[in-house]
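As stored in run_7.pdb (PDB, C-alpha atoms, pLDDT in the B column):
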ATOM      1  CA  MET R   1      -5.213 -11.118   6.734  1.00 80.00           C
ATOM      2  CA  ALA R   2      -4.533  -7.391   6.448  1.00 92.00           C
ATOM      3  CA  LEU R   3      -4.269  -5.997   2.940  1.00 96.00           C
ATOM      4  CA  LEU R   4      -1.214  -3.983   4.006  1.00 98.00           C
ATOM      5  CA  SER R   5       1.032  -4.430   7.036  1.00 97.00           C
ATOM      6  CA  VAL R   6       3.886  -2.139   7.966  1.00 98.00           C
ATOM      7  CA  GLU R   7       6.149  -3.836  10.497  1.00 97.00           C
ATOM      8  CA  GLU R   8       8.613  -1.862  12.606  1.00 97.00           C
ATOM      9  CA  ILE R   9       9.959   0.248   9.761  1.00 97.00           C
ATOM     10  CA  HIS R  10      12.814   2.687  10.242  1.00 97.00           C
ATOM     11  CA  ALA R  11      13.687   5.270   7.602  1.00 96.00           C
ATOM     12  CA  ALA R  12      16.088   8.155   7.161  1.00 93.00           C
ATOM     13  CA  TYR R  13      17.128  10.874   4.746  1.00 91.00           C
ATOM     14  CA  GLY R  14      20.904  10.592   4.700  1.00 89.00           C
ATOM     15  CA  LEU R  15      22.055  10.769   8.321  1.00 87.00           C
ATOM     16  CA  SER R  16      18.744  12.210   9.524  1.00 91.00           C
ATOM     17  CA  ARG R  17      16.539   9.474  10.962  1.00 93.00           C
ATOM     18  CA  VAL R  18      12.820  10.088  10.492  1.00 95.00           C
ATOM     19  CA  LEU R  19      10.920   6.867  11.300  1.00 96.00           C
ATOM     20  CA  PHE R  20      11.565   4.852  14.449  1.00 96.00           C
ATOM     21  CA  GLY R  21       9.762   1.509  14.284  1.00 97.00           C
ATOM     22  CA  ILE R  22       6.420   2.467  12.706  1.00 97.00           C
ATOM     23  CA  SER R  23       3.895  -0.381  12.590  1.00 98.00           C
ATOM     24  CA  LEU R  24       0.390  -0.217  11.145  1.00 98.00           C
ATOM     25  CA  SER R  25      -2.128  -2.279   9.226  1.00 98.00           C
ATOM     26  CA  VAL R  26      -4.910  -1.611   6.747  1.00 98.00           C
ATOM     27  CA  GLU R  27      -7.805  -4.009   6.232  1.00 97.00           C
ATOM     28  CA  PRO R  28      -9.733  -4.284   2.937  1.00 97.00           C
ATOM     29  CA  GLY R  29     -12.344  -1.545   2.592  1.00 96.00           C
ATOM     30  CA  GLU R  30     -11.008   0.574   5.452  1.00 97.00           C
ATOM     31  CA  CYS R  31     -10.033   4.201   5.508  1.00 97.00           C
ATOM     32  CA  VAL R  32      -7.091   4.499   7.895  1.00 98.00           C
ATOM     33  CA  CYS R  33      -5.617   7.880   8.757  1.00 97.00           C
ATOM     34  CA  LEU R  34      -2.151   8.913   9.921  1.00 97.00           C
ATOM     35  CA  LEU R  35      -2.612  12.014  12.057  1.00 95.00           C
ATOM     36  CA  GLY R  36      -0.011  14.372  13.434  1.00 91.00           C
ATOM     37  CA  ARG R  37       1.639  17.715  13.006  1.00 88.00           C
ATOM     38  CA  ASN R  38       4.123  18.607  10.282  1.00 88.00           C
ATOM     39  CA  GLY R  39       7.402  16.721  10.445  1.00 89.00           C
ATOM     40  CA  VAL R  40       6.251  13.725  12.494  1.00 93.00           C
ATOM     41  CA  GLY R  41       6.798  11.190   9.685  1.00 95.00           C
ATOM     42  CA  LYS R  42       3.406  10.853   8.005  1.00 96.00           C
ATOM     43  CA  SER R  43       4.644  11.511   4.473  1.00 95.00           C
ATOM     44  CA  THR R  44       7.796   9.467   5.005  1.00 96.00           C
ATOM     45  CA  THR R  45       5.659   6.504   6.073  1.00 97.00           C
ATOM     46  CA  LEU R  46       3.747   6.647   2.784  1.00 97.00           C
ATOM     47  CA  ARG R  47       6.966   7.112   0.836  1.00 96.00           C
ATOM     48  CA  ALA R  48       8.469   4.080   2.588  1.00 97.00           C
ATOM     49  CA  ILE R  49       5.450   1.979   1.615  1.00 97.00           C
ATOM     50  CA  MET R  50       5.846   3.088  -2.014  1.00 96.00           C
ATOM     51  CA  GLY R  51       9.590   2.434  -2.070  1.00 96.00           C
ATOM     52  CA  LEU R  52      10.399   6.104  -2.614  1.00 95.00           C
ATOM     53  CA  THR R  53      12.220   6.248   0.731  1.00 95.00           C
ATOM     54  CA  PRO R  54      13.192   2.595   1.245  1.00 93.00           C
ATOM     55  CA  PRO R  55      13.094   1.463   4.897  1.00 96.00           C
ATOM     56  CA  ARG R  56      16.443   0.978   6.607  1.00 95.00           C
ATOM     57  CA  ALA R  57      14.856  -1.784   8.713  1.00 97.00           C
ATOM     58  CA  GLY R  58      11.466  -3.455   9.064  1.00 97.00           C
ATOM     59  CA  ARG R  59       9.060  -4.801   6.456  1.00 97.00           C
ATOM     60  CA  VAL R  60       6.250  -3.671   4.183  1.00 98.00           C
ATOM     61  CA  VAL R  61       3.891  -6.582   3.527  1.00 98.00           C
ATOM     62  CA  TRP R  62       1.274  -6.417   0.741  1.00 98.00           C
ATOM     63  CA  HIS R  63      -1.238  -9.258   0.366  1.00 96.00           C
ATOM     64  CA  GLY R  64       0.996 -11.348   2.649  1.00 96.00           C
ATOM     65  CA  LYS R  65       4.082 -10.795   0.468  1.00 96.00           C
ATOM     66  CA  ASP R  66       7.146  -8.880   1.611  1.00 97.00           C
ATOM     67  CA  VAL R  67       7.554  -6.009  -0.866  1.00 97.00           C
ATOM     68  CA  THR R  68      10.258  -4.149   1.064  1.00 96.00           C
ATOM     69  CA  GLY R  69      12.884  -2.904  -1.354  1.00 89.00           C
ATOM     70  CA  TRP R  70      10.731  -3.305  -4.452  1.00 95.00           C
ATOM     71  CA  PRO R  71      11.064  -0.432  -6.949  1.00 95.00           C
ATOM     72  CA  THR R  72       8.201   2.036  -6.887  1.00 94.00           C
ATOM     73  CA  TYR R  73       6.846   1.113 -10.328  1.00 92.00           C
ATOM     74  CA  ARG R  74       6.550  -2.521  -9.263  1.00 94.00           C
ATOM     75  CA  ILE R  75       4.680  -1.597  -6.063  1.00 95.00           C
ATOM     76  CA  ALA R  76       2.304   0.563  -8.104  1.00 93.00           C
ATOM     77  CA  ARG R  77       1.672  -2.243 -10.567  1.00 92.00           C
ATOM     78  CA  ALA R  78       0.990  -4.582  -7.636  1.00 94.00           C
ATOM     79  CA  GLY R  79      -2.028  -2.436  -6.792  1.00 95.00           C
ATOM     80  CA  ILE R  80      -1.002   0.501  -4.595  1.00 96.00           C
ATOM     81  CA  GLY R  81      -1.784   3.967  -5.918  1.00 96.00           C
ATOM     82  CA  PHE R  82      -0.073   7.078  -4.552  1.00 96.00           C
ATOM     83  CA  VAL R  83      -1.247  10.695  -4.485  1.00 95.00           C
ATOM     84  CA  PRO R  84       1.825  12.698  -3.394  1.00 92.00           C
ATOM     85  CA  GLU R  85       1.675  15.875  -1.358  1.00 88.00           C
ATOM     86  CA  ASP R  86       3.268  17.922  -4.148  1.00 83.00           C
ATOM     87  CA  ARG R  87       0.938  16.423  -6.820  1.00 81.00           C
ATOM     88  CA  ARG R  88       3.640  16.146  -9.520  1.00 85.00           C
ATOM     89  CA  ILE R  89       1.377  16.381 -12.527  1.00 90.00           C
ATOM     90  CA  PHE R  90       2.886  16.907 -15.965  1.00 91.00           C
ATOM     91  CA  ALA R  91       2.428  20.674 -16.276  1.00 92.00           C
ATOM     92  CA  GLU R  92       2.983  20.763 -20.035  1.00 94.00           C
ATOM     93  CA  LEU R  93       0.561  17.930 -20.815  1.00 95.00           C
ATOM     94  CA  SER R  94      -3.193  18.318 -21.071  1.00 96.00           C
ATOM     95  CA  VAL R  95      -5.545  16.837 -18.497  1.00 96.00           C
ATOM     96  CA  TRP R  96      -6.391  13.993 -20.868  1.00 95.00           C
ATOM     97  CA  GLU R  97      -2.726  13.343 -21.646  1.00 96.00           C
ATOM     98  CA  ASN R  98      -1.862  13.200 -17.930  1.00 96.00           C
ATOM     99  CA  LEU R  99      -4.541  10.556 -17.438  1.00 96.00           C
ATOM    100  CA  ASP R 100      -3.671   8.626 -20.580  1.00 94.00           C
ATOM    101  CA  VAL R 101       0.021   8.406 -19.650  1.00 93.00           C
ATOM    102  CA  ALA R 102      -0.886   7.127 -16.166  1.00 92.00           C
ATOM    103  CA  ALA R 103      -3.321   4.504 -17.476  1.00 90.00           C
ATOM    104  CA  ARG R 104      -0.813   3.200 -20.019  1.00 88.00           C
ATOM    105  CA  ALA R 105       2.028   3.096 -17.490  1.00 85.00           C
ATOM    106  CA  ALA R 106      -0.006   1.211 -14.886  1.00 80.00           C
ATOM    107  CA  ASN R 107      -1.382  -1.289 -17.396  1.00 79.00           C
ATOM    108  CA  ARG R 108      -3.794  -2.693 -14.774  1.00 84.00           C
ATOM    109  CA  PRO R 109      -7.259  -3.697 -15.976  1.00 84.00           C
ATOM    110  CA  GLY R 110     -10.209  -2.587 -13.897  1.00 87.00           C
ATOM    111  CA  ALA R 111     -13.280  -0.401 -13.631  1.00 89.00           C
ATOM    112  CA  TRP R 112     -11.444   2.930 -13.378  1.00 94.00           C
ATOM    113  CA  THR R 113     -11.184   4.370 -16.863  1.00 94.00           C
ATOM    114  CA  ILE R 114     -10.634   7.944 -18.000  1.00 94.00           C
ATOM    115  CA  PRO R 115     -14.391   8.471 -18.637  1.00 95.00           C
ATOM    116  CA  ARG R 116     -15.186   7.133 -15.171  1.00 95.00           C
ATOM    117  CA  VAL R 117     -12.754   9.406 -13.326  1.00 96.00           C
ATOM    118  CA  CYS R 118     -14.229  12.296 -15.298  1.00 95.00           C
ATOM    119  CA  GLU R 119     -17.639  11.294 -13.934  1.00 95.00           C
ATOM    120  CA  LEU R 120     -16.177  11.452 -10.425  1.00 95.00           C
ATOM    121  CA  PHE R 121     -14.536  14.828 -11.173  1.00 95.00           C
ATOM    122  CA  PRO R 122     -16.635  16.475 -13.926  1.00 95.00           C
ATOM    123  CA  ILE R 123     -14.361  19.523 -14.022  1.00 95.00           C
ATOM    124  CA  LEU R 124     -11.650  17.301 -15.557  1.00 96.00           C
ATOM    125  CA  ALA R 125     -13.907  16.600 -18.526  1.00 95.00           C
ATOM    126  CA  GLU R 126     -14.460  20.345 -18.925  1.00 96.00           C
ATOM    127  CA  ARG R 127     -10.699  20.956 -18.725  1.00 95.00           C
ATOM    128  CA  ARG R 128      -9.826  17.960 -20.936  1.00 94.00           C
ATOM    129  CA  ASP R 129      -7.549  19.885 -23.299  1.00 95.00           C
ATOM    130  CA  GLN R 130      -6.132  22.352 -20.790  1.00 95.00           C
ATOM    131  CA  ARG R 131      -2.513  21.970 -19.753  1.00 95.00           C
ATOM    132  CA  GLY R 132      -2.008  20.741 -16.205  1.00 93.00           C
ATOM    133  CA  GLY R 133       0.086  23.732 -15.221  1.00 92.00           C
ATOM    134  CA  PHE R 134      -2.860  26.078 -15.845  1.00 94.00           C
ATOM    135  CA  LEU R 135      -5.260  24.262 -13.485  1.00 93.00           C
ATOM    136  CA  SER R 136      -6.125  25.668 -10.068  1.00 92.00           C
ATOM    137  CA  GLY R 137      -4.721  23.950  -6.980  1.00 91.00           C
ATOM    138  CA  GLY R 138      -7.999  22.124  -6.380  1.00 92.00           C
ATOM    139  CA  GLU R 139      -8.213  21.009  -9.999  1.00 94.00           C
ATOM    140  CA  GLN R 140      -4.635  19.765  -9.880  1.00 94.00           C
ATOM    141  CA  GLN R 141      -5.461  17.743  -6.761  1.00 94.00           C
ATOM    142  CA  MET R 142      -8.456  16.195  -8.519  1.00 94.00           C
ATOM    143  CA  LEU R 143      -6.246  15.367 -11.496  1.00 96.00           C
ATOM    144  CA  THR R 144      -3.654  13.763  -9.228  1.00 95.00           C
ATOM    145  CA  ILE R 145      -6.278  11.567  -7.567  1.00 96.00           C
ATOM    146  CA  ALA R 146      -7.805  10.702 -10.944  1.00 96.00           C
ATOM    147  CA  ARG R 147      -4.348   9.827 -12.285  1.00 95.00           C
ATOM    148  CA  ALA R 148      -3.868   7.357  -9.418  1.00 95.00           C
ATOM    149  CA  LEU R 149      -7.330   5.872  -9.925  1.00 96.00           C
ATOM    150  CA  VAL R 150      -6.823   5.041 -13.615  1.00 95.00           C
ATOM    151  CA  GLY R 151      -4.108   2.672 -12.401  1.00 94.00           C
ATOM    152  CA  ASN R 152      -6.953   0.697 -10.775  1.00 95.00           C
ATOM    153  CA  PRO R 153      -5.360   0.414  -7.327  1.00 96.00           C
ATOM    154  CA  GLU R 154      -6.668  -1.773  -4.523  1.00 96.00           C
ATOM    155  CA  LEU R 155      -5.186   0.652  -2.002  1.00 98.00           C
ATOM    156  CA  LEU R 156      -4.960   4.413  -2.424  1.00 97.00           C
ATOM    157  CA  LEU R 157      -2.360   6.370  -0.446  1.00 98.00           C
ATOM    158  CA  LEU R 158      -3.298  10.029  -0.045  1.00 97.00           C
ATOM    159  CA  ASP R 159      -0.632  12.395   1.264  1.00 95.00           C
ATOM    160  CA  GLU R 160      -2.048  15.653   2.713  1.00 92.00           C
ATOM    161  CA  PRO R 161      -4.804  15.948   0.084  1.00 91.00           C
ATOM    162  CA  SER R 162      -6.414  19.020   1.676  1.00 90.00           C
ATOM    163  CA  GLU R 163      -3.236  21.060   2.096  1.00 88.00           C
ATOM    164  CA  GLY R 164      -3.368  24.552   0.626  1.00 84.00           C
ATOM    165  CA  LEU R 165      -6.908  24.247  -0.711  1.00 87.00           C
ATOM    166  CA  ALA R 166      -9.839  26.590  -0.117  1.00 89.00           C
ATOM    167  CA  PRO R 167     -12.422  25.368   2.435  1.00 91.00           C
ATOM    168  CA  LEU R 168     -15.112  24.773  -0.199  1.00 91.00           C
ATOM    169  CA  VAL R 169     -12.692  22.680  -2.251  1.00 90.00           C
ATOM    170  CA  VAL R 170     -11.669  20.722   0.859  1.00 92.00           C
ATOM    171  CA  ASP R 171     -15.329  19.933   1.576  1.00 93.00           C
ATOM    172  CA  MET R 172     -15.870  18.758  -2.006  1.00 93.00           C
ATOM    173  CA  LEU R 173     -12.729  16.642  -1.868  1.00 93.00           C
ATOM    174  CA  ALA R 174     -13.879  15.008   1.376  1.00 94.00           C
ATOM    175  CA  GLU R 175     -17.170  14.102  -0.307  1.00 95.00           C
ATOM    176  CA  LYS R 176     -15.347  12.523  -3.257  1.00 94.00           C
ATOM    177  CA  ILE R 177     -13.014  10.515  -1.008  1.00 95.00           C
ATOM    178  CA  ALA R 178     -16.036   9.346   1.005  1.00 96.00           C
ATOM    179  CA  GLU R 179     -17.621   8.278  -2.286  1.00 95.00           C
ATOM    180  CA  LEU R 180     -14.517   6.251  -3.179  1.00 96.00           C
ATOM    181  CA  LYS R 181     -14.629   4.588   0.231  1.00 95.00           C
ATOM    182  CA  ALA R 182     -18.343   3.799  -0.190  1.00 95.00           C
ATOM    183  CA  GLN R 183     -17.485   2.098  -3.491  1.00 94.00           C
ATOM    184  CA  GLY R 184     -15.121  -0.231  -1.620  1.00 95.00           C
ATOM    185  CA  LEU R 185     -11.719   1.368  -2.257  1.00 97.00           C
ATOM    186  CA  THR R 186      -9.252   0.929   0.601  1.00 98.00           C
ATOM    187  CA  ILE R 187      -7.570   4.192   1.638  1.00 98.00           C
ATOM    188  CA  LEU R 188      -4.561   5.148   3.739  1.00 98.00           C
ATOM    189  CA  LEU R 189      -4.630   8.877   4.396  1.00 96.00           C
ATOM    190  CA  ALA R 190      -1.877  11.071   5.846  1.00 96.00           C
ATOM    191  CA  GLU R 191      -3.362  14.371   6.920  1.00 91.00           C
ATOM    192  CA  GLN R 192      -2.932  17.291   9.322  1.00 86.00           C
ATOM    193  CA  GLY R 193      -6.559  18.371   9.070  1.00 87.00           C
ATOM    194  CA  VAL R 194      -8.229  16.717  12.041  1.00 90.00           C
ATOM    195  CA  ALA R 195     -11.845  17.369  11.050  1.00 90.00           C
ATOM    196  CA  PHE R 196     -11.165  16.253   7.468  1.00 92.00           C
ATOM    197  CA  SER R 197      -9.503  13.040   8.688  1.00 93.00           C
ATOM    198  CA  LEU R 198     -11.972  12.039  11.381  1.00 94.00           C
ATOM    199  CA  ALA R 199     -14.914  12.527   9.022  1.00 93.00           C
ATOM    200  CA  LEU R 200     -13.440   9.853   6.723  1.00 95.00           C
ATOM    201  CA  ALA R 201     -11.405   7.465   8.868  1.00 97.00           C
ATOM    202  CA  ASP R 202     -12.406   4.162  10.425  1.00 97.00           C
ATOM    203  CA  ARG R 203      -9.167   3.955  12.403  1.00 97.00           C
ATOM    204  CA  VAL R 204      -6.359   6.381  13.184  1.00 97.00           C
ATOM    205  CA  TYR R 205      -2.695   6.274  14.058  1.00 97.00           C
ATOM    206  CA  VAL R 206      -1.339   9.408  15.737  1.00 96.00           C
ATOM    207  CA  LEU R 207       2.360   9.927  15.036  1.00 96.00           C
ATOM    208  CA  GLU R 208       4.878  11.901  17.032  1.00 94.00           C
ATOM    209  CA  LYS R 209       8.604  12.149  16.292  1.00 93.00           C
ATOM    210  CA  GLY R 210       8.542   9.234  13.860  1.00 95.00           C
ATOM    211  CA  ALA R 211       6.714   6.794  16.128  1.00 96.00           C
ATOM    212  CA  VAL R 212       3.103   5.746  16.743  1.00 96.00           C
ATOM    213  CA  LYS R 213       1.836   7.342  19.953  1.00 94.00           C
ATOM    214  CA  HIS R 214      -1.798   6.268  19.681  1.00 94.00           C
ATOM    215  CA  ALA R 215      -3.793   3.806  17.609  1.00 96.00           C
ATOM    216  CA  GLY R 216      -7.515   3.164  17.741  1.00 95.00           C
ATOM    217  CA  PRO R 217     -10.948   3.748  16.245  1.00 97.00           C
ATOM    218  CA  ALA R 218     -11.583   7.191  14.786  1.00 95.00           C
ATOM    219  CA  ALA R 219     -14.857   7.282  16.728  1.00 95.00           C
ATOM    220  CA  GLU R 220     -12.858   7.313  19.956  1.00 94.00           C
ATOM    221  CA  LEU R 221     -11.294  10.652  19.012  1.00 93.00           C
ATOM    222  CA  ARG R 222     -14.517  12.037  17.571  1.00 92.00           C
ATOM    223  CA  ASP R 223     -16.281  11.315  20.872  1.00 92.00           C
ATOM    224  CA  ASP R 224     -13.503  12.456  23.202  1.00 91.00           C
ATOM    225  CA  PRO R 225     -12.320  15.993  22.377  1.00 90.00           C
ATOM    226  CA  ALA R 226     -10.072  16.046  25.455  1.00 91.00           C
ATOM    227  CA  LEU R 227      -8.179  12.952  24.279  1.00 90.00           C
ATOM    228  CA  LEU R 228      -7.905  14.402  20.787  1.00 89.00           C
ATOM    229  CA  GLU R 229      -6.550  17.677  22.137  1.00 88.00           C
ATOM    230  CA  ARG R 230      -3.966  15.859  24.270  1.00 88.00           C
ATOM    231  CA  LEU R 231      -2.779  13.741  21.365  1.00 87.00           C
ATOM    232  CA  MET R 232      -2.579  16.570  18.859  1.00 84.00           C
ATOM    233  CA  ALA R 233      -0.756  18.773  21.350  1.00 77.00           C
ATOM    234  CA  LEU R 234       2.146  16.318  21.476  1.00 58.00           C
TER     235      LEU R 234
END
Once you've parsed the file, please lay out its structure as structure tokens.
Amino acid sequence: MALLSVEEIHAAYGLSRVLFGISLSVEPGECVCLLGRNGVGKSTTLRAIMGLTPPRAGRVVWHGKDVTGWPTYRIARAGIGFVPEDRRIFAELSVWENLDVAARAANRPGAWTIPRVCELFPILAERRDQRGGFLSGGEQQMLTIARALVGNPELLLLDEPSEGLAPLVVDMLAEKIAELKAQGLTILLAEQGVAFSLALADRVYVLEKGAVKHAGPAAELRDDPALLERLMAL
């Protein structure tokens, strides 16, 4: 049984329809990537899973249970962590306070503690008392991922984690996400960066205009540049 199944979901913002029957699945231990240009529905798919943009039709199934329509806090406490594109850290709180608030709110026991996420991202330990709003973009992204991890999720949703970051920071972030995957964390990644995505993903879904246009192993796209170019030119 898939850990997560998304079944024919449709979603809209007001009268503007964005998703048109998206279906996907994520197996335990996989890294699955949603690929596609800006505006194709990648972020909305993640938001629909989290209940932030509730589907107008279709189902989100977690551990075999229909969680469509659940409030976001309940989905998070069920074991799905979310790293949003805009990060949304508490700018006035310190790094430690951001992490402490997240751990208390999630109230899920597990191996991911504040000291452990600081081992994964040592810069957070160095910046422990610094306010979130004074961190660099890369440091804020690390904090956002760490904040999701202290909720001890079984599945981590990452929305455009490399966007706006310097190349060296992107490379470091890819290494850290690969480390999380190697430790057994299941990941669903929405990302425009093709090289970043294909280096991490086991399987990919290519989206165009709110629908899945291609699904298959990431290796297929790594090994066939012509196919990749055709799909990403949609």
**Message:** To test your reading of the syntax: which residues would the PyMOL selection byres ((chain R and resi 74) around 12) return for the file shown? Reply as a list in words.
**Reply:**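 Evaluating the PyMOL selection byres ((chain R and resi 74) around 12) on these coordinates yields Ile49, Met50, Gly51, Leu52, Trp62, Val67, Thr68, Gly69, Trp70, Pro71, Thr72, Tyr73, Ile75, Ala76, Arg77, Ala78, Gly79, Ile80, Gly81, Ala105, Ala106, Asn107 and Arg108 of chain R.
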Problem set entry | Test item: residues at most 12 Å from region 224-233 of chain R, only C-alpha atoms, excluding those fewer than 6 positions along its chain, as a list in words | Leu34, Leu35, Gly36, Arg37, Asn38, Val40, Gln192, Gly193, Val194, Ala195, Leu198, Val204, Tyr205, Val206, Leu207, Glu208, Val212, Lys213, His214, Ala215, Gly216, Pro217 and Ala218 of chain R
For Ala178 (chain R), find every residue with an atom within 12 Å (counting all atoms listed in the file), except residues of its own chain fewer than 2 positions away, and show them as a PyMOL selection string. chain R and resi 29-31+120+171-176+180-187+189+196-202
On this structure, the PyMOL selection byres ((chain R and resi 110) around 12) would catch which residues? List them as a PyMOL selection string, sorted by chain and number. chain R and resi 79+103+106-109+111-114+116+149-154
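Residues in contact with Arg147 (chain R) at up to 9 Å, not including ones fewer than 2 positions away on its chain and judged by all atoms listed in the file, are Val83, Ile89, Asn98, Leu99, Asp100, Val101, Ala102, Ala103, Ile114, Val117, Met142, Leu143, Thr144, Ile145, Leu149, Val150 and Gly151 of chain R.
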For this session: Considering only C-alpha atoms, state which residue in the set R:Glu119, R:Glu163, R:Glu8, R:Glu191 is at the smallest distance from Gly138 (chain R).
Result: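 Smallest separation from Gly138 (chain R) among the options: R:Glu163.
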Using only C-alpha atoms, the best pick from R:Leu165, R:His63, R:Glu160, R:Trp96 as closest to Ser43 (chain R) would be R:Glu160
If the PyMOL selection byres ((chain R and resi 13-25) around 9) is run on the structure shown, which residues does it catch, given as a PyMOL selection string?
chain R and resi 2-12+26-27+32+39-41+44-45+53+55+57-58+205+207+209-212+215
- Task: One decimal, Å: what's the distance from CA of Glu139 (chain R) over to CA of Pro115 (chain R), could you say?
- Result: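 Computed distance, CA of Glu139 (chain R) to CA of Pro115 (chain R), equals 16.4 Å.
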What separates CA of Pro161 (chain R) and CA of Ala148 (chain R) is a distance of 12.8 Å
Counting only C-alpha atoms, closest pick from R:Glu179, R:Glu92, R:Asp159, R:Glu220 relative to Gln141 (chain R) is R:Asp159
Assuming 4 Å of padding per side, give the centre and edge lengths of the axis-aligned box around every listed atom of region 174-180 of chain R, in Å to one decimal and as lines of an AutoDock Vina configuration file.
center_x = -15.3
center_y = 10.6
center_z = -0.9
size_x = 12.6
size_y = 16.8
size_z = 12.6
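Nearest-residue note for Gln140 (chain R): choosing from R:Leu188, R:Ile123, R:Leu157, R:Val60, the minimum distance belongs to R:Ile123, counting all atoms listed in the file.
One distance worth recording is that between CA of Phe82 (chain R) and CA of Pro122 (chain R), which is 21.2 Å.
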From the structure block, carefully write region 66-82 of chain R out with N, CA and C atoms; format it as a PDB file, in the first residue's frame.
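The result, written out as out-v7.pdb:
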ATOM      1  N   ASP R  66      -8.822   8.189   4.106  1.00  0.00           N
ATOM      2  CA  ASP R  66      -9.181   9.398   3.373  1.00  0.00           C
ATOM      3  C   ASP R  66      -9.063  10.606   4.309  1.00  0.00           C
ATOM      4  N   VAL R  67      -8.118  11.494   3.997  1.00  0.00           N
ATOM      5  CA  VAL R  67      -7.911  12.681   4.843  1.00  0.00           C
ATOM      6  C   VAL R  67      -8.347  13.957   4.124  1.00  0.00           C
ATOM      7  N   THR R  68      -9.048  13.809   3.006  1.00  0.00           N
ATOM      8  CA  THR R  68      -9.533  14.968   2.266  1.00  0.00           C
ATOM      9  C   THR R  68     -10.440  15.814   3.158  1.00  0.00           C
ATOM     10  N   GLY R  69     -10.164  17.099   3.210  1.00  0.00           N
ATOM     11  CA  GLY R  69     -10.988  17.986   4.018  1.00  0.00           C
ATOM     12  C   GLY R  69     -10.536  18.124   5.458  1.00  0.00           C
ATOM     13  N   TRP R  70      -9.553  17.330   5.874  1.00  0.00           N
ATOM     14  CA  TRP R  70      -9.028  17.509   7.232  1.00  0.00           C
ATOM     15  C   TRP R  70      -8.370  18.881   7.354  1.00  0.00           C
ATOM     16  N   PRO R  71      -8.436  19.510   8.530  1.00  0.00           N
ATOM     17  CA  PRO R  71      -7.692  20.762   8.725  1.00  0.00           C
ATOM     18  C   PRO R  71      -6.191  20.504   8.683  1.00  0.00           C
ATOM     19  N   THR R  72      -5.453  21.521   8.325  1.00  0.00           N
ATOM     20  CA  THR R  72      -4.009  21.365   8.121  1.00  0.00           C
ATOM     21  C   THR R  72      -3.299  20.858   9.370  1.00  0.00           C
ATOM     22  N   TYR R  73      -3.665  21.375  10.537  1.00  0.00           N
ATOM     23  CA  TYR R  73      -2.966  20.951  11.763  1.00  0.00           C
ATOM     24  C   TYR R  73      -3.139  19.458  12.005  1.00  0.00           C
ATOM     25  N   ARG R  74      -4.312  18.933  11.640  1.00  0.00           N
ATOM     26  CA  ARG R  74      -4.574  17.511  11.857  1.00  0.00           C
ATOM     27  C   ARG R  74      -3.754  16.662  10.879  1.00  0.00           C
ATOM     28  N   ILE R  75      -3.616  17.130   9.639  1.00  0.00           N
ATOM     29  CA  ILE R  75      -2.793  16.415   8.661  1.00  0.00           C
ATOM     30  C   ILE R  75      -1.336  16.415   9.105  1.00  0.00           C
ATOM     31  N   ALA R  76      -0.871  17.553   9.623  1.00  0.00           N
ATOM     32  CA  ALA R  76       0.510  17.621  10.117  1.00  0.00           C
ATOM     33  C   ALA R  76       0.723  16.665  11.278  1.00  0.00           C
ATOM     34  N   ARG R  77      -0.228  16.622  12.186  1.00  0.00           N
ATOM     35  CA  ARG R  77      -0.081  15.729  13.344  1.00  0.00           C
ATOM     36  C   ARG R  77      -0.214  14.261  12.965  1.00  0.00           C
ATOM     37  N   ALA R  78      -0.800  13.998  11.785  1.00  0.00           N
ATOM     38  CA  ALA R  78      -0.895  12.617  11.301  1.00  0.00           C
ATOM     39  C   ALA R  78       0.423  12.142  10.704  1.00  0.00           C
ATOM     40  N   GLY R  79       1.369  13.084  10.488  1.00  0.00           N
ATOM     41  CA  GLY R  79       2.694  12.651  10.058  1.00  0.00           C
ATOM     42  C   GLY R  79       3.190  13.218   8.744  1.00  0.00           C
ATOM     43  N   ILE R  80       2.564  14.289   8.244  1.00  0.00           N
ATOM     44  CA  ILE R  80       3.030  14.921   7.018  1.00  0.00           C
ATOM     45  C   ILE R  80       3.595  16.301   7.356  1.00  0.00           C
ATOM     46  N   GLY R  81       4.871  16.490   7.061  1.00  0.00           N
ATOM     47  CA  GLY R  81       5.517  17.770   7.293  1.00  0.00           C
ATOM     48  C   GLY R  81       5.570  18.577   6.007  1.00  0.00           C
ATOM     49  N   PHE R  82       5.500  19.901   6.122  1.00  0.00           N
ATOM     50  CA  PHE R  82       5.419  20.762   4.946  1.00  0.00           C
ATOM     51  C   PHE R  82       6.436  21.887   5.043  1.00  0.00           C
TER      52      PHE R  82
END
